[in-house]
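Engineer: I'd like to ask you about the structure that follows.
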Amino acid sequence: MATRVDRDMLALIDSLQTSNLNDTLTTGFIDTHAAMAFLVEALAKLPTSPPSLYLDLEGVALSRHGSVSILQVHVSPKDRTFLIDIHSLGETAFSTTGTSGQTLKGILESNIIPKVYFDVRNDSDALFSHYGIKLACVHDLQLMELATRSFSRRCVNGLTKYIKRDINLSLSERKVWKETKEKGLDLFAPERGGNYEVFNVRPLHEDVLSYCIQDVHFMPKLWRHYNSKLTVA
């Protein structure tokens with residue numbers, strides 16, 4: 001029997017298919033197979049131009065040598081963010097099928113469904129090493145920024161610098177963004193006395209939840225900014 005939480009989650013996922021949505025940023029924490037199946041089916045039906053899916057991973061020593069805790073998926077057309085609990089679901093997060101037979105692995109490996117990341121290197125390494133996933137059709141914002149530069153391309157920078165420089169945030173937006181980032185770093189950054197294991201604690205700490213959402217929320221604006229400056233070779 002579906003619990004109230006399950007019903008609320010399915011209603012949120014179902015909202016991806018509707019057009020009458022408000023502008024409030026909404027998140028869902030996906031930690032059941034039923035919710036995963038509905039989410040996969042909804043993601044597979046989203047438009048592909050411009051990209052609908054903006055992703056990031058959090059984990060402990062995120063790489064082939066560490067582990068994956070959370071996969072963030074921001075759905076740009078609906079301004080909805082979903083956090084997939086990889087720590088709890090494990091491999092089944094990628095193999096659970098929707099009604100059409102689609103899986104998250106299939107979406108990530110699809111050559112026709114674009115996925116936008118920022119510096120995909122560690123994410124790709126972790127997904128392939130632990131789950132055999134070969135990412136395809138990736139738009140890497142870090143490389144898009146590099147390609148559109150009119151100055152030295154010797155070094156790349158982190159997401160924080162690009163958000164500060166290339167997104168026109170109001171004073172209030174900038175304040176909330178900075179506070180959210182700092183609260184998250186205090187909890188997981190070792191140099192601040194934090195520990196990456198906070199990404200594996202359930203229920204997820206509210207400040208970690210907000211950090212994860214914010215990490216992908218600004219990526220569509222960066223994609224539009226850099227894409228508008230790219231020219232067809």
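Residue numbering restarts at 1 for every chain of the structure tokens, chains are lettered A, B, ... in their displayed order, and ligands are numbered from 1 as they appear.
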Hey, which bits of segment 7-121 of chain A sit within 12 Å of segment 146-162 of chain A, and for each residue what's the closest pair of atoms and how far apart in Å (one decimal), counting only C-alpha atoms, rows by chain and increasing number, as CSV?
Structural biologist:
```
residue,atom,partner,partner_atom,distance
A:Asp56,CA,A:Leu159,CA,11.6
A:Tyr117,CA,A:Leu159,CA,10.5
A:Phe118,CA,A:Leu159,CA,7.1
A:Asp119,CA,A:Gly158,CA,8.4
A:Val120,CA,A:Leu159,CA,11.9
```
Engineer: Which of segment 114-196 of chain A end up as strand (DSSP E) when DSSP is run on this backbone - answer as a PDB file with C-alpha atoms, in the first residue's frame?
Structural biologist:
```
ATOM      1  CA  LYS A 115      22.700  15.952 -20.146  1.00  0.00           C
ATOM      2  CA  VAL A 116      24.370  19.088 -18.796  1.00  0.00           C
ATOM      3  CA  TYR A 117      27.082  18.800 -16.147  1.00  0.00           C
ATOM      4  CA  VAL A 138      27.122  15.446 -22.367  1.00  0.00           C
ATOM      5  CA  HIS A 139      27.317  19.246 -22.400  1.00  0.00           C
ATOM      6  CA  ASP A 140      30.060  20.240 -19.955  1.00  0.00           C
TER       7      ASP A 140
END
```
Engineer: Could I get the residues of segment 86-136 of chain A with an atom no further than 9 Å from an atom of segment 68-77 of chain A, each paired with its nearest atom pair and that distance in Å to one decimal, using only C-alpha atoms, sorted by chain and residue number, as a Markdown table?
Structural biologist:
```
| residue | atom | partner | partner_atom | distance |
| --- | --- | --- | --- | --- |
| A:Ile86 | CA | A:Ser69 | CA | 5.1 |
| A:His87 | CA | A:Ser69 | CA | 4.5 |
| A:Ser88 | CA | A:Ser69 | CA | 8.1 |
| A:Gly90 | CA | A:Val68 | CA | 8.7 |
| A:Asp123 | CA | A:Val68 | CA | 8.8 |
| A:Ala126 | CA | A:Val68 | CA | 7.1 |
| A:Leu127 | CA | A:Val68 | CA | 8.0 |
| A:His130 | CA | A:Val68 | CA | 8.4 |
```
Engineer: For the atom pair atom CA of Leu55 of chain A and atom CA of Gly193 of chain A, what is the interatomic distance in Å to one decimal place?
Structural biologist: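 Separation of atom CA of Leu55 of chain A and atom CA of Gly193 of chain A: 27.0 Å.
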Engineer: Between A:Leu204, A:Thr231, A:Tyr211, A:Tyr226, which is the closest to Asp186 of chain A once you count only C-alpha atoms?
Structural biologist: A:Tyr211
Engineer: Skip Gly98 of chain A itself and residues of its chain fewer than 5 positions away, then list as a ChimeraX atom specification all residues within 9 Å of it, counting only C-alpha atoms.
Structural biologist: /A:36-42,103
Engineer: Can you work out which one of A:Ala35, A:Leu230, A:Ile113, A:Val201 has the shortest atom-to-atom distance to Ala93 of chain A, counting only C-alpha atoms?
Structural biologist: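 Checking each of A:Ala35, A:Leu230, A:Ile113, A:Val201 against Ala93 of chain A, counting only C-alpha atoms, the winner is A:Ala35.
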Engineer: Hey, which of A:Leu104, A:Leu171, A:Phe199, A:Arg121 ends up closest to Leu187 of chain A? Count only C-alpha atoms.
Structural biologist: A:Phe199
Engineer: Would you mind reading off the distance between atom CA of Thr180 of chain A and atom CA of Gln214 of chain A, one decimal, in Å?
Structural biologist: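 Between these atoms lies a distance of 7.7 Å.
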Engineer: Taking only C-alpha atoms into account, which of A:Arg174, A:Arg165, A:Arg192, A:Lys134 comes nearest Leu222 of chain A?
Structural biologist: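 When distances to Leu222 of chain A are compared using only C-alpha atoms, the smallest one comes from A:Arg165.
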Engineer: Could you pull out the helix (DSSP H, G or I) residues of segment 74-146 of chain A, going by DSSP on the backbone, and write them as a PyMOL selection string?
Structural biologist: chain A and resi 76-78+86-89+92-95+104-109+121-131+141-146
Engineer: Can you pull out every residue within 10 Å of Ile133 of chain A, counting only C-alpha atoms, but drop anything in the same chain fewer than 6 positions away, and send it as a ChimeraX atom specification?
Structural biologist: /A:94,104-106,108-109,124-127
Engineer: Would you please work out which residue, of A:Ser210, A:Ser129, A:Cys137, A:Ser228, is nearest to Ser63 of chain A when using only C-alpha atoms?
Structural biologist: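 For Ser63 of chain A, the nearest of the given residues is A:Ser129.
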Engineer: From the options A:Gly184, A:Ser49, A:Pro190, A:Arg80, which residue's atoms come nearest to Glu206 of chain A, counting only C-alpha atoms?
Structural biologist: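 Of A:Gly184, A:Ser49, A:Pro190, A:Arg80, the one nearest Glu206 of chain A is A:Gly184, counting only C-alpha atoms.
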